[in-house]
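**Student:** Have a peek at coords.cif (mmCIF, C-alpha atoms).
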data_start
loop_
_atom_site.group_PDB
_atom_site.id
_atom_site.type_symbol
_atom_site.label_atom_id
_atom_site.label_comp_id
_atom_site.auth_asym_id
_atom_site.auth_seq_id
_atom_site.Cartn_x
_atom_site.Cartn_y
_atom_site.Cartn_z
ATOM 1 C CA MET R 354 108.358 115.030 127.231
ATOM 2 C CA LYS R 355 108.418 111.280 127.617
ATOM 3 C CA ALA R 356 105.481 108.982 127.146
ATOM 4 C CA ARG R 357 104.755 105.309 127.322
ATOM 5 C CA VAL R 358 102.189 103.606 125.125
ATOM 6 C CA THR R 359 101.063 100.107 126.041
ATOM 7 C CA VAL R 360 99.259 97.970 123.473
ATOM 8 C CA THR R 361 97.470 94.829 124.621
ATOM 9 C CA LEU R 362 95.178 92.289 123.020
ATOM 10 C CA LYS R 363 91.487 92.794 123.676
ATOM 11 C CA LEU R 364 89.818 90.372 126.048
ATOM 12 C CA GLY R 365 88.523 87.353 124.207
ATOM 13 C CA VAL R 366 91.163 87.502 121.468
ATOM 14 C CA LEU R 367 93.166 84.281 121.529
ATOM 15 C CA ASP R 368 96.798 84.875 122.436
ATOM 16 C CA PRO R 369 98.808 81.768 121.539
ATOM 17 C CA GLN R 370 102.075 83.535 122.406
ATOM 18 C CA GLY R 371 100.800 84.393 125.889
ATOM 19 C CA LYS R 372 99.720 80.753 126.286
ATOM 20 C CA ALA R 373 103.175 79.499 125.272
ATOM 21 C CA ILE R 374 104.853 81.914 127.711
ATOM 22 C CA GLU R 375 102.473 80.778 130.439
ATOM 23 C CA GLY R 376 103.418 77.146 129.753
ATOM 24 C CA ALA R 377 107.124 77.985 129.821
ATOM 25 C CA LEU R 378 106.822 79.834 133.137
ATOM 26 C CA LYS R 379 105.009 76.874 134.681
ATOM 27 C CA SER R 380 107.644 74.474 133.388
ATOM 28 C CA LEU R 381 110.288 76.704 135.025
ATOM 29 C CA GLY R 382 108.598 76.205 138.351
ATOM 30 C CA VAL R 383 106.822 79.579 138.561
ATOM 31 C CA SER R 384 103.785 77.642 139.635
ATOM 32 C CA ASP R 385 101.358 80.373 140.680
ATOM 33 C CA VAL R 386 101.069 81.785 137.167
ATOM 34 C CA ALA R 387 97.418 81.499 136.238
ATOM 35 C CA GLY R 388 97.464 83.325 132.904
ATOM 36 C CA VAL R 389 99.698 85.427 130.631
ATOM 37 C CA ARG R 390 98.659 87.927 127.966
ATOM 38 C CA GLN R 391 101.513 89.467 126.017
ATOM 39 C CA GLY R 392 101.590 92.922 124.468
ATOM 40 C CA LYS R 393 103.873 95.747 123.371
ATOM 41 C CA VAL R 394 105.366 98.808 125.023
ATOM 42 C CA PHE R 395 106.501 101.930 123.126
ATOM 43 C CA ASP R 396 108.631 104.547 124.874
ATOM 44 C CA ILE R 397 108.130 107.770 122.966
ATOM 45 C CA GLU R 398 109.956 111.076 123.198
ATOM 46 C CA LEU R 399 107.831 114.124 122.286
ATOM 47 C CA ALA R 400 108.907 117.627 121.330
ATOM 48 C CA GLY R 401 107.205 120.461 123.207
ATOM 49 C CA SER R 402 105.639 120.604 126.659
ATOM 50 C CA ASP R 403 101.908 120.934 125.988
ATOM 51 C CA ARG R 404 100.415 117.898 127.705
ATOM 52 C CA ALA R 405 97.009 118.089 126.059
ATOM 53 C CA ARG R 406 98.626 118.297 122.638
ATOM 54 C CA ALA R 407 100.933 115.395 123.498
ATOM 55 C CA GLU R 408 97.999 113.258 124.535
ATOM 56 C CA SER R 409 96.094 113.945 121.347
ATOM 57 C CA GLN R 410 99.208 113.252 119.244
ATOM 58 C CA LEU R 411 99.764 109.942 121.009
ATOM 59 C CA LYS R 412 96.127 108.962 120.574
ATOM 60 C CA GLU R 413 96.500 109.741 116.880
ATOM 61 C CA ALA R 414 99.670 107.605 116.757
ATOM 62 C CA CYS R 415 97.815 104.688 118.338
ATOM 63 C CA GLU R 416 94.774 104.951 116.094
ATOM 64 C CA LYS R 417 96.815 105.398 112.919
ATOM 65 C CA LEU R 418 99.578 102.878 113.471
ATOM 66 C CA LEU R 419 100.649 101.597 116.868
ATOM 67 C CA ALA R 420 97.531 99.547 117.628
ATOM 68 C CA ASN R 421 95.287 97.527 115.374
ATOM 69 C CA THR R 422 92.049 98.426 117.088
ATOM 70 C CA VAL R 423 90.297 95.410 115.572
ATOM 71 C CA VAL R 424 92.036 93.235 118.154
ATOM 72 C CA GLU R 425 94.107 95.546 120.356
ATOM 73 C CA ASN R 426 93.569 98.133 123.092
ATOM 74 C CA TYR R 427 96.042 100.882 123.896
ATOM 75 C CA ARG R 428 96.895 102.983 126.924
ATOM 76 C CA VAL R 429 98.779 106.288 126.832
ATOM 77 C CA GLU R 430 100.781 107.568 129.827
ATOM 78 C CA LEU R 431 102.689 110.830 129.964
ATOM 79 C CA LEU R 432 105.715 110.320 132.206
ATOM 80 C CA MET A 387 94.712 93.776 81.229
ATOM 81 C CA LYS A 388 97.166 96.204 82.733
ATOM 82 C CA ALA A 389 98.540 94.958 85.995
ATOM 83 C CA ALA A 390 100.852 96.544 88.534
ATOM 84 C CA VAL A 391 102.711 94.527 91.168
ATOM 85 C CA VAL A 392 103.621 96.680 94.155
ATOM 86 C CA LEU A 393 107.108 96.395 95.589
ATOM 87 C CA PHE A 394 107.591 97.177 99.276
ATOM 88 C CA PRO A 395 110.906 96.911 101.097
ATOM 89 C CA GLY A 396 110.929 93.228 102.061
ATOM 90 C CA SER A 397 108.525 91.941 99.389
ATOM 91 C CA ASN A 398 109.897 88.718 97.919
ATOM 92 C CA ARG A 399 107.175 87.179 95.757
ATOM 93 C CA GLU A 400 106.782 90.024 93.287
ATOM 94 C CA GLY A 401 108.643 88.042 90.616
ATOM 95 C CA ASP A 402 106.348 85.044 91.077
ATOM 96 C CA ALA A 403 103.243 87.214 90.870
ATOM 97 C CA ALA A 404 104.555 89.026 87.782
ATOM 98 C CA ARG A 405 105.366 85.722 86.075
ATOM 99 C CA ALA A 406 101.894 84.301 86.758
ATOM 100 C CA ILE A 407 100.251 87.437 85.353
ATOM 101 C CA GLU A 408 102.449 87.502 82.278
ATOM 102 C CA GLN A 409 101.764 83.834 81.612
ATOM 103 C CA ALA A 410 97.989 84.421 81.763
ATOM 104 C CA THR A 411 97.747 87.783 80.021
ATOM 105 C CA GLY A 412 100.772 87.850 77.728
ATOM 106 C CA VAL A 413 101.680 91.243 79.163
ATOM 107 C CA LYS A 414 104.442 91.894 81.676
ATOM 108 C CA PRO A 415 103.049 93.789 84.662
ATOM 109 C CA VAL A 416 104.638 97.005 85.855
ATOM 110 C CA ILE A 417 106.506 96.767 89.144
ATOM 111 C CA ALA A 418 105.273 99.804 91.112
ATOM 112 C CA TRP A 419 107.281 101.267 93.995
ATOM 113 C CA HIS A 420 105.388 101.697 97.264
ATOM 114 C CA GLY A 421 106.675 105.252 97.686
ATOM 115 C CA ASP A 422 105.091 106.495 94.443
ATOM 116 C CA HIS A 423 102.019 108.715 94.644
ATOM 117 C CA ASP A 424 100.175 107.242 91.678
ATOM 118 C CA LEU A 425 99.559 103.911 90.037
ATOM 119 C CA PRO A 426 100.681 103.567 86.395
ATOM 120 C CA ALA A 427 97.970 105.098 84.169
ATOM 121 C CA GLY A 428 95.300 102.634 83.087
ATOM 122 C CA THR A 429 96.024 100.029 85.777
ATOM 123 C CA ASP A 430 93.236 97.413 85.910
ATOM 124 C CA LEU A 431 94.687 95.127 88.558
ATOM 125 C CA VAL A 432 96.957 95.864 91.525
ATOM 126 C CA VAL A 433 98.765 92.934 93.118
ATOM 127 C CA LEU A 434 100.257 93.165 96.603
ATOM 128 C CA PRO A 435 102.721 90.283 96.628
ATOM 129 C CA GLY A 436 103.946 88.027 99.413
ATOM 130 C CA GLY A 437 107.037 88.567 101.478
ATOM 131 C CA PHE A 438 107.986 90.277 104.693
ATOM 132 C CA SER A 439 107.386 93.972 104.075
ATOM 133 C CA TYR A 440 109.338 96.082 106.578
ATOM 134 C CA GLY A 441 110.587 92.880 108.184
ATOM 135 C CA ASP A 442 107.120 92.252 109.687
ATOM 136 C CA TYR A 443 107.976 95.016 112.184
ATOM 137 C CA LEU A 444 105.186 96.168 114.512
ATOM 138 C CA ARG A 445 102.584 93.864 112.937
ATOM 139 C CA CYS A 446 102.733 92.010 109.609
ATOM 140 C CA GLY A 447 101.798 94.460 106.865
ATOM 141 C CA ALA A 448 101.193 97.354 109.276
ATOM 142 C CA ILE A 449 103.848 99.728 107.974
ATOM 143 C CA ALA A 450 103.375 98.839 104.307
ATOM 144 C CA ALA A 451 99.652 99.560 104.730
ATOM 145 C CA ARG A 452 100.537 103.180 105.526
ATOM 146 C CA SER A 453 102.785 103.744 102.501
ATOM 147 C CA LYS A 454 102.041 106.477 99.958
ATOM 148 C CA LEU A 455 100.928 104.257 97.117
ATOM 149 C CA MET A 456 98.258 102.663 99.347
ATOM 150 C CA ASP A 457 96.196 105.868 99.102
ATOM 151 C CA ALA A 458 96.139 105.494 95.313
ATOM 152 C CA ILE A 459 95.294 101.801 95.691
ATOM 153 C CA ARG A 460 92.414 102.647 98.038
ATOM 154 C CA LEU A 461 91.067 105.061 95.433
ATOM 155 C CA HIS A 462 91.533 102.457 92.682
ATOM 156 C CA ALA A 463 89.510 99.957 94.772
ATOM 157 C CA GLU A 464 86.777 102.518 95.492
ATOM 158 C CA LYS A 465 86.386 103.023 91.744
ATOM 159 C CA GLY A 466 85.919 99.274 91.267
ATOM 160 C CA GLY A 467 89.491 98.480 90.235
ATOM 161 C CA LEU A 468 90.771 94.996 91.015
ATOM 162 C CA VAL A 469 93.146 94.427 93.926
ATOM 163 C CA LEU A 470 94.701 91.072 94.809
ATOM 164 C CA GLY A 471 96.680 90.663 98.026
ATOM 165 C CA ILE A 472 98.570 87.414 98.475
ATOM 166 C CA CYS A 473 99.982 86.336 101.853
ATOM 167 C CA ASN A 474 101.776 89.460 103.137
ATOM 168 C CA GLY A 475 99.625 91.308 100.597
ATOM 169 C CA PHE A 476 96.514 90.010 102.415
ATOM 170 C CA GLN A 477 98.004 91.187 105.708
ATOM 171 C CA ILE A 478 98.558 94.625 104.148
ATOM 172 C CA LEU A 479 94.932 94.721 102.911
ATOM 173 C CA VAL A 480 93.490 94.036 106.370
ATOM 174 C CA GLU A 481 95.901 96.509 107.991
ATOM 175 C CA SER A 482 94.867 99.179 105.487
ATOM 176 C CA GLY A 483 91.176 98.561 106.143
ATOM 177 C CA LEU A 484 90.484 97.508 102.558
ATOM 178 C CA LEU A 485 89.395 94.140 103.930
ATOM 179 C CA PRO A 486 87.943 93.419 107.385
ATOM 180 C CA GLY A 487 89.515 91.312 110.130
ATOM 181 C CA VAL A 488 93.100 90.648 111.070
ATOM 182 C CA LEU A 489 95.686 87.903 110.570
ATOM 183 C CA MET A 490 97.021 86.686 113.887
ATOM 184 C CA ARG A 491 99.903 84.371 114.718
ATOM 185 C CA ASN A 492 99.176 80.764 113.651
ATOM 186 C CA ALA A 493 97.361 78.952 116.455
ATOM 187 C CA ASP A 494 100.251 76.497 116.972
ATOM 188 C CA LEU A 495 102.826 79.338 116.792
ATOM 189 C CA ARG A 496 104.706 77.630 113.940
ATOM 190 C CA PHE A 497 105.527 78.970 110.516
ATOM 191 C CA VAL A 498 103.755 76.614 108.156
ATOM 192 C CA CYS A 499 105.202 75.882 104.708
ATOM 193 C CA ARG A 500 103.471 73.102 102.820
ATOM 194 C CA MET A 501 101.004 72.211 100.097
ATOM 195 C CA GLN A 502 97.405 72.876 101.087
ATOM 196 C CA HIS A 503 93.988 72.113 99.630
ATOM 197 C CA LEU A 504 91.438 74.903 99.315
ATOM 198 C CA ARG A 505 87.754 74.832 98.525
ATOM 199 C CA VAL A 506 86.620 77.472 96.036
ATOM 200 C CA GLU A 507 83.565 78.998 97.714
ATOM 201 C CA ARG A 508 82.223 80.837 94.678
ATOM 202 C CA ASN A 509 83.251 81.245 91.060
ATOM 203 C CA ASP A 510 81.196 84.260 90.009
ATOM 204 C CA THR A 511 83.964 86.756 90.727
ATOM 205 C CA PRO A 512 86.727 88.262 88.559
ATOM 206 C CA PHE A 513 89.251 86.127 90.454
ATOM 207 C CA ALA A 514 87.666 82.683 90.294
ATOM 208 C CA LYS A 515 85.637 82.333 87.066
ATOM 209 C CA ALA A 516 87.951 79.632 85.749
ATOM 210 C CA TYR A 517 87.240 77.407 88.760
ATOM 211 C CA ALA A 518 84.082 75.490 89.586
ATOM 212 C CA LYS A 519 82.144 76.272 92.751
ATOM 213 C CA ASP A 520 83.266 73.874 95.514
ATOM 214 C CA GLN A 521 86.250 72.786 93.419
ATOM 215 C CA VAL A 522 89.164 71.611 95.545
ATOM 216 C CA ILE A 523 92.497 73.051 94.450
ATOM 217 C CA LYS A 524 95.991 72.332 95.723
ATOM 218 C CA VAL A 525 98.314 75.287 96.248
ATOM 219 C CA ALA A 526 101.207 76.276 98.497
ATOM 220 C CA ILE A 527 101.044 78.060 101.829
ATOM 221 C CA ALA A 528 103.975 79.677 103.645
ATOM 222 C CA HIS A 529 103.143 81.909 106.577
ATOM 223 C CA GLY A 530 103.486 82.417 110.318
ATOM 224 C CA GLU A 531 100.584 84.858 110.708
ATOM 225 C CA GLY A 532 97.642 83.499 108.745
ATOM 226 C CA ASN A 533 95.123 82.908 111.478
ATOM 227 C CA TYR A 534 92.129 84.929 110.262
ATOM 228 C CA VAL A 535 90.261 86.569 113.116
ATOM 229 C CA ALA A 536 87.360 89.021 113.204
ATOM 230 C CA ASP A 537 84.590 89.730 115.665
ATOM 231 C CA ALA A 538 81.463 87.572 115.546
ATOM 232 C CA GLU A 539 79.448 90.309 113.856
ATOM 233 C CA THR A 540 82.006 90.717 111.046
ATOM 234 C CA ILE A 541 82.244 86.959 110.494
ATOM 235 C CA ALA A 542 78.447 86.712 110.344
ATOM 236 C CA ARG A 543 78.374 89.533 107.794
ATOM 237 C CA LEU A 544 81.115 87.959 105.656
ATOM 238 C CA GLU A 545 79.364 84.588 105.691
ATOM 239 C CA GLY A 546 75.957 86.157 105.070
ATOM 240 C CA GLU A 547 77.220 88.132 102.082
ATOM 241 C CA GLY A 548 79.152 85.155 100.695
ATOM 242 C CA ARG A 549 82.455 86.963 100.960
ATOM 243 C CA VAL A 550 84.592 83.985 101.952
ATOM 244 C CA ALA A 551 86.630 83.252 98.816
ATOM 245 C CA PHE A 552 88.447 80.076 99.819
ATOM 246 C CA ARG A 553 88.461 77.737 102.805
ATOM 247 C CA TYR A 554 91.210 75.390 103.942
ATOM 248 C CA CYS A 555 90.152 71.781 103.422
ATOM 249 C CA ASP A 556 91.552 68.303 102.825
ATOM 250 C CA ALA A 557 91.909 66.552 99.455
ATOM 251 C CA GLU A 558 88.228 65.538 99.592
ATOM 252 C CA GLY A 559 87.059 69.044 100.369
ATOM 253 C CA GLN A 560 86.324 68.274 104.026
ATOM 254 C CA LEU A 561 86.855 71.114 106.476
ATOM 255 C CA GLY A 562 88.378 71.024 109.934
ATOM 256 C CA GLY A 563 90.999 69.172 111.948
ATOM 257 C CA ALA A 564 94.469 69.022 110.432
ATOM 258 C CA ALA A 565 93.136 70.570 107.209
ATOM 259 C CA ASN A 566 93.115 73.973 108.939
ATOM 260 C CA PRO A 567 96.792 74.966 109.047
ATOM 261 C CA ASN A 568 96.602 78.043 111.252
ATOM 262 C CA GLY A 569 93.397 78.132 113.315
ATOM 263 C CA SER A 570 91.499 80.557 111.069
ATOM 264 C CA ILE A 571 87.875 81.117 112.061
ATOM 265 C CA ASN A 572 85.553 79.068 109.818
ATOM 266 C CA HIS A 573 88.686 77.797 107.981
ATOM 267 C CA ILE A 574 88.883 81.078 106.086
ATOM 268 C CA ALA A 575 91.818 81.244 103.644
ATOM 269 C CA GLY A 576 90.695 84.297 101.689
ATOM 270 C CA VAL A 577 88.004 86.989 101.724
ATOM 271 C CA TYR A 578 86.447 89.409 99.260
ATOM 272 C CA SER A 579 85.522 93.043 99.701
ATOM 273 C CA GLU A 580 81.885 94.094 99.638
ATOM 274 C CA ASN A 581 81.946 94.564 95.862
ATOM 275 C CA PHE A 582 84.083 91.487 95.153
ATOM 276 C CA ASN A 583 86.798 93.567 93.451
ATOM 277 C CA VAL A 584 89.326 93.158 96.264
ATOM 278 C CA LEU A 585 90.563 89.699 97.241
ATOM 279 C CA GLY A 586 93.020 88.826 99.979
ATOM 280 C CA LEU A 587 94.254 85.284 100.566
ATOM 281 C CA MET A 588 97.074 83.633 102.486
ATOM 282 C CA PRO A 589 97.871 80.802 99.990
ATOM 283 C CA HIS A 590 100.095 81.292 96.961
ATOM 284 C CA PRO A 591 98.285 80.496 93.685
ATOM 285 C CA GLU A 592 101.067 82.329 91.815
ATOM 286 C CA ASN A 593 103.451 79.504 92.711
ATOM 287 C CA LEU A 594 101.278 76.816 91.101
ATOM 288 C CA ILE A 595 101.276 77.808 87.458
ATOM 289 C CA ASP A 596 103.787 75.370 86.002
ATOM 290 C CA GLY A 597 103.557 71.557 85.864
ATOM 291 C CA LEU A 598 107.315 71.383 86.364
ATOM 292 C CA VAL A 599 107.025 72.918 89.812
ATOM 293 C CA GLY A 600 104.310 71.308 91.880
ATOM 294 C CA GLY A 601 101.149 71.729 89.809
ATOM 295 C CA THR A 602 98.975 74.192 87.959
ATOM 296 C CA ASP A 603 95.984 74.686 90.253
ATOM 297 C CA GLY A 604 96.878 78.335 90.721
ATOM 298 C CA LYS A 605 96.563 79.147 87.023
ATOM 299 C CA GLY A 606 92.801 79.487 87.240
ATOM 300 C CA MET A 607 93.026 82.666 89.261
ATOM 301 C CA PHE A 608 95.218 84.420 86.712
ATOM 302 C CA SER A 609 93.310 83.177 83.686
ATOM 303 C CA SER A 610 90.118 84.378 85.408
ATOM 304 C CA LEU A 611 91.643 87.825 85.838
ATOM 305 C CA ALA A 612 92.879 87.895 82.238
ATOM 306 C CA ALA A 613 89.483 86.831 80.859
ATOM 307 C CA PHE A 614 87.548 89.203 83.092
ATOM 308 C CA ARG A 615 89.145 92.295 81.638
ATOM 309 C CA ARG A 616 88.783 91.111 78.067
ATOM 310 C CA ALA A 617 85.055 90.499 78.565
ATOM 311 C CA ALA A 618 84.492 93.880 80.228
#
Go ahead and render the structure in this file as structure tokens.
**Tutor:**
Amino acid sequence: MKARVTVTLKLGVLDPQGKAIEGALKSLGVSDVAGVRQGKVFDIELAGSDRARAESQLKEACEKLLANTVVENYRVELL
Amino acid sequence: MKAAVVLFPGSNREGDAARAIEQATGVKPVIAWHGDHDLPAGTDLVVLPGGFSYGDYLRCGAIAARSKLMDAIRLHAEKGGLVLGICNGFQILVESGLLPGVLMRNADLRFVCRMQHLRVERNDTPFAKAYAKDQVIKVAIAHGEGNYVADAETIARLEGEGRVAFRYCDAEGQLGGAANPNGSINHIAGVYSENFNVLGLMPHPENLIDGLVGGTDGKGMFSSLAAFRRAA
């Protein structure tokens, strides 16, 4: 089973990297960009085919390591 | 004073930390491997040194914070044992939950490596007895992710409980402007745990212990630690 975990910064947390990317896009002429927040994507391969179990394992992975829940949110998708 | 300096893959300041401790205590600290289950028997102080543990992969300190020895260090801290995390060590302490908050990318996105003044916020702790309250000390900083961030409630609690250990300042002790190298909330350079036995800070006092190399303002921290144990 394949899954994708997306980790993003919580709203209100300053994202200087996103700001720098936003500035670079504007300087490249992509003028409609009004804001950029950057994050991380993890493509994860899981053994087994139990979807409920997979979801709970991925949640555990996020809580234990993949996201720092002080400043980050995560989203789990089974593909 | 029995000290252990923890070595993670990618640590690079363990020698500096060990030298500062030996100079202050007369005893060479043990270098403890992160994969061990237990701290050396009778450890009083655990030091998490600076560096780039696990290449800063995922988030600075994130993977090191989940290593085996961290469980023993958590237990050591719960029992009142001293823990000092410097630079990457501070990042490991916040990732492990031993200290609140998080260290984000520097506000200007640049790695900053320079001398920096700090204001000592309190001197009634095992780490800072040798300093005066509000003393301005000059130490080195070298980090790309030192921007201390926590939610408003956590910051209010830290300030209310007097848990800010050091703040970035200028030579006169003034806060703000260019004296804040990374955008840290309230100019926070280091914080204590609830019981003041765990300290995490971004600056490197262990590099300022010898007049031949830049100054000796860092010595106070290690002499404080040495004296604390002797008095106990």
**Student:** Produce a table with one row for each residue of segment 452-557 of chain A that has an atom at most 7 Å from any atom of segment 569-581 of chain A, each row naming the nearest atom pair and its distance in Å at one decimal; use only C-alpha atoms; arrange rows by chain and rising residue number; format as a tab-separated table.
**Tutor:**
residue	atom	partner	partner_atom	distance
A:Leu485	CA	A:Ser579	CA	5.8
A:Asn492	CA	A:Gly569	CA	6.4
A:Ala493	CA	A:Gly569	CA	5.1
A:Asn533	CA	A:Ser570	CA	4.3
A:Tyr534	CA	A:Ser570	CA	4.5
A:Val535	CA	A:Ile571	CA	6.0
A:Arg549	CA	A:Tyr578	CA	5.0
A:Val550	CA	A:Val577	CA	4.6
A:Ala551	CA	A:Val577	CA	4.9
A:Phe552	CA	A:Gly576	CA	5.1
A:Arg553	CA	A:Ile574	CA	4.7
A:Tyr554	CA	A:His573	CA	5.3
**Student:** So, with all atoms listed in the file as the atoms that count, which of A:Val584, A:Ser453, A:Ala538, A:Asn566 lies closest to Gly365 of chain R?
**Tutor:**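 Nearest candidate to Gly365 of chain R out of A:Val584, A:Ser453, A:Ala538, A:Asn566: A:Ala538.
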**Student:** So for segment 593-611 of chain A, what box centre and size do we get, axis-aligned, 6 Å extra on each of the six sides, every listed atom, Å to one decimal, as AutoDock Vina command-line options?
**Tutor:**
--center_x 98.7 --center_y 79.6 --center_z 88.2 --size_x 29.2 --size_y 28.5 --size_z 21.0
**Student:** Please report as a tab-separated table every residue of segment 402-426 of chain A lying within 10 Å of segment 597-613 of chain A, along with the nearest atom pair and their distance in Å (one decimal), using all atoms listed in the file.
**Tutor:**
residue	atom	partner	partner_atom	distance
A:Ala403	CA	A:Phe608	CA	9.5
A:Ala406	CA	A:Phe608	CA	6.7
A:Ile407	CA	A:Phe608	CA	6.0
A:Glu408	CA	A:Phe608	CA	9.0
A:Gln409	CA	A:Phe608	CA	8.3
A:Ala410	CA	A:Ser609	CA	5.2
A:Thr411	CA	A:Ala612	CA	5.4
A:Gly412	CA	A:Ala612	CA	9.1
A:Val413	CA	A:Ala612	CA	9.9
**Student:** Would you list the contacts of segment 415-422 of chain R as a PDB file with C-alpha atoms, in the coordinates of the input, taking every protein, DNA or RNA residue within 10 Å and counting all atoms listed in the file, but skipping same-chain residues closer than 4 positions in sequence?
**Tutor:**
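Result file is out-v7.pdb:
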ATOM      1  CA  VAL R 358     102.189 103.606 125.125  1.00  0.00           C
ATOM      2  CA  THR R 359     101.063 100.107 126.041  1.00  0.00           C
ATOM      3  CA  VAL R 360      99.259  97.970 123.473  1.00  0.00           C
ATOM      4  CA  THR R 361      97.470  94.829 124.621  1.00  0.00           C
ATOM      5  CA  LEU R 362      95.178  92.289 123.020  1.00  0.00           C
ATOM      6  CA  LYS R 363      91.487  92.794 123.676  1.00  0.00           C
ATOM      7  CA  LYS R 393     103.873  95.747 123.371  1.00  0.00           C
ATOM      8  CA  VAL R 394     105.366  98.808 125.023  1.00  0.00           C
ATOM      9  CA  PHE R 395     106.501 101.930 123.126  1.00  0.00           C
ATOM     10  CA  SER R 409      96.094 113.945 121.347  1.00  0.00           C
ATOM     11  CA  GLN R 410      99.208 113.252 119.244  1.00  0.00           C
ATOM     12  CA  LEU R 411      99.764 109.942 121.009  1.00  0.00           C
ATOM     13  CA  ASN R 426      93.569  98.133 123.092  1.00  0.00           C
ATOM     14  CA  TYR R 427      96.042 100.882 123.896  1.00  0.00           C
ATOM     15  CA  ARG R 428      96.895 102.983 126.924  1.00  0.00           C
ATOM     16  CA  VAL R 429      98.779 106.288 126.832  1.00  0.00           C
TER      17      VAL R 429
ATOM     18  CA  LEU A 444     105.186  96.168 114.512  1.00  0.00           C
ATOM     19  CA  ARG A 445     102.584  93.864 112.937  1.00  0.00           C
ATOM     20  CA  ALA A 448     101.193  97.354 109.276  1.00  0.00           C
ATOM     21  CA  ILE A 449     103.848  99.728 107.974  1.00  0.00           C
ATOM     22  CA  ALA A 451      99.652  99.560 104.730  1.00  0.00           C
ATOM     23  CA  ARG A 452     100.537 103.180 105.526  1.00  0.00           C
ATOM     24  CA  VAL A 480      93.490  94.036 106.370  1.00  0.00           C
ATOM     25  CA  GLU A 481      95.901  96.509 107.991  1.00  0.00           C
ATOM     26  CA  SER A 482      94.867  99.179 105.487  1.00  0.00           C
ATOM     27  CA  GLY A 487      89.515  91.312 110.130  1.00  0.00           C
ATOM     28  CA  VAL A 488      93.100  90.648 111.070  1.00  0.00           C
TER      29      VAL A 488
END
**Student:** Taking 2 positions as the minimum chain separation for residues in the same chain, which residues sit within 7 Å of segment 494-504 of chain A when counting all atoms listed in the file? Answer as a list of chain:residue names.
**Tutor:**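 Final neighbour list, sorted by chain and number: R:Pro369, A:Arg491, A:Asn492, A:Val506, A:Val522, A:Ile523, A:Lys524, A:Val525, A:Ala526, A:Ile527, A:Ala528, A:His529, A:Gly530, A:Phe552, A:Arg553, A:Tyr554, A:Cys555, A:Asp556, A:Ala557, A:Asn568.
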**Student:** Using all atoms listed in the file, pick whichever of R:Val423, R:Ser380, R:Glu430, R:Glu413 has the shortest atom-to-atom distance to chain A.
**Tutor:**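 Closest residue, counting all atoms listed in the file: R:Val423.
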**Student:** Hey, which of A:Leu461, A:Gly447, A:Gly586, A:Asn474 ends up closest to chain R? Count all atoms listed in the file.
**Tutor:**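 Closest residue, counting all atoms listed in the file: A:Gly447.
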**Student:** In Å, rounded to a single decimal, give me how far atom CA of Met354 of chain R is from atom CA of Leu432 of chain R.
**Tutor:**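 Those two atoms sit 7.3 Å apart.
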**Student:** Using all atoms listed in the file, which protein or nucleic acid residues come within 10 Å of Ser439 of chain A? Drop anything in the same chain fewer than 2 positions from it, and give the result as number ranges by chain.
**Tutor:** A: 393-398, 435-437, 441-443, 446-451, 474-475, 477-478
**Student:** Please write the residues picked by the PyMOL selection byres ((chain R and resi 355) around 8) on this file as an MDAnalysis selection string.
**Tutor:** chainID R and resid 354 356:357 396:399 431:432
**Student:** So that I have them on file, write out the residues from the current selection with C-alpha atoms, as an mmCIF file, in the coordinates of the input.
**Tutor:**
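And here is the file that came out, result-v8.cif:
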data_model
loop_
_atom_site.group_PDB
_atom_site.id
_atom_site.type_symbol
_atom_site.label_atom_id
_atom_site.label_comp_id
_atom_site.auth_asym_id
_atom_site.auth_seq_id
_atom_site.Cartn_x
_atom_site.Cartn_y
_atom_site.Cartn_z
ATOM 1 C CA MET R 354 108.358 115.030 127.231
ATOM 2 C CA ALA R 356 105.481 108.982 127.146
ATOM 3 C CA ARG R 357 104.755 105.309 127.322
ATOM 4 C CA ASP R 396 108.631 104.547 124.874
ATOM 5 C CA ILE R 397 108.130 107.770 122.966
ATOM 6 C CA GLU R 398 109.956 111.076 123.198
ATOM 7 C CA LEU R 399 107.831 114.124 122.286
ATOM 8 C CA LEU R 431 102.689 110.830 129.964
ATOM 9 C CA LEU R 432 105.715 110.320 132.206
#
**Student:** What do you get, as an MDAnalysis selection string, if you spell out every residue that the PyMOL selection byres ((chain A and resi 511) around 9) selects here?
**Tutor:** chainID A and resid 508:510 512:515 582:583 610 614
**Student:** I need the chosen residues saved as a PDB file, keeping the file's coordinate frame, with C-alpha atoms.
**Tutor:**
ATOM      1  CA  ARG A 508      82.223  80.837  94.678  1.00  0.00           C
ATOM      2  CA  ASN A 509      83.251  81.245  91.060  1.00  0.00           C
ATOM      3  CA  ASP A 510      81.196  84.260  90.009  1.00  0.00           C
ATOM      4  CA  PRO A 512      86.727  88.262  88.559  1.00  0.00           C
ATOM      5  CA  PHE A 513      89.251  86.127  90.454  1.00  0.00           C
ATOM      6  CA  ALA A 514      87.666  82.683  90.294  1.00  0.00           C
ATOM      7  CA  LYS A 515      85.637  82.333  87.066  1.00  0.00           C
ATOM      8  CA  PHE A 582      84.083  91.487  95.153  1.00  0.00           C
ATOM      9  CA  ASN A 583      86.798  93.567  93.451  1.00  0.00           C
ATOM     10  CA  SER A 610      90.118  84.378  85.408  1.00  0.00           C
ATOM     11  CA  PHE A 614      87.548  89.203  83.092  1.00  0.00           C
TER      12      PHE A 614
END
**Student:** Run the PyMOL selection byres ((chain A and resi 414-429) around 6) mentally over the shown coordinates, then write out the matched residues as a VMD selection string, using the chain letters and numbers from the document.
**Tutor:** chain A and resid 388 to 394 404 408 413 430 to 431 454 to 455 458
**Student:** Using only C-alpha atoms, pick whichever of A:Asp402, A:Glu545, A:Asp520, A:Asp537 has the shortest atom-to-atom distance to chain R.
**Tutor:**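 So, comparing all the options, the nearest one is A:Asp537.
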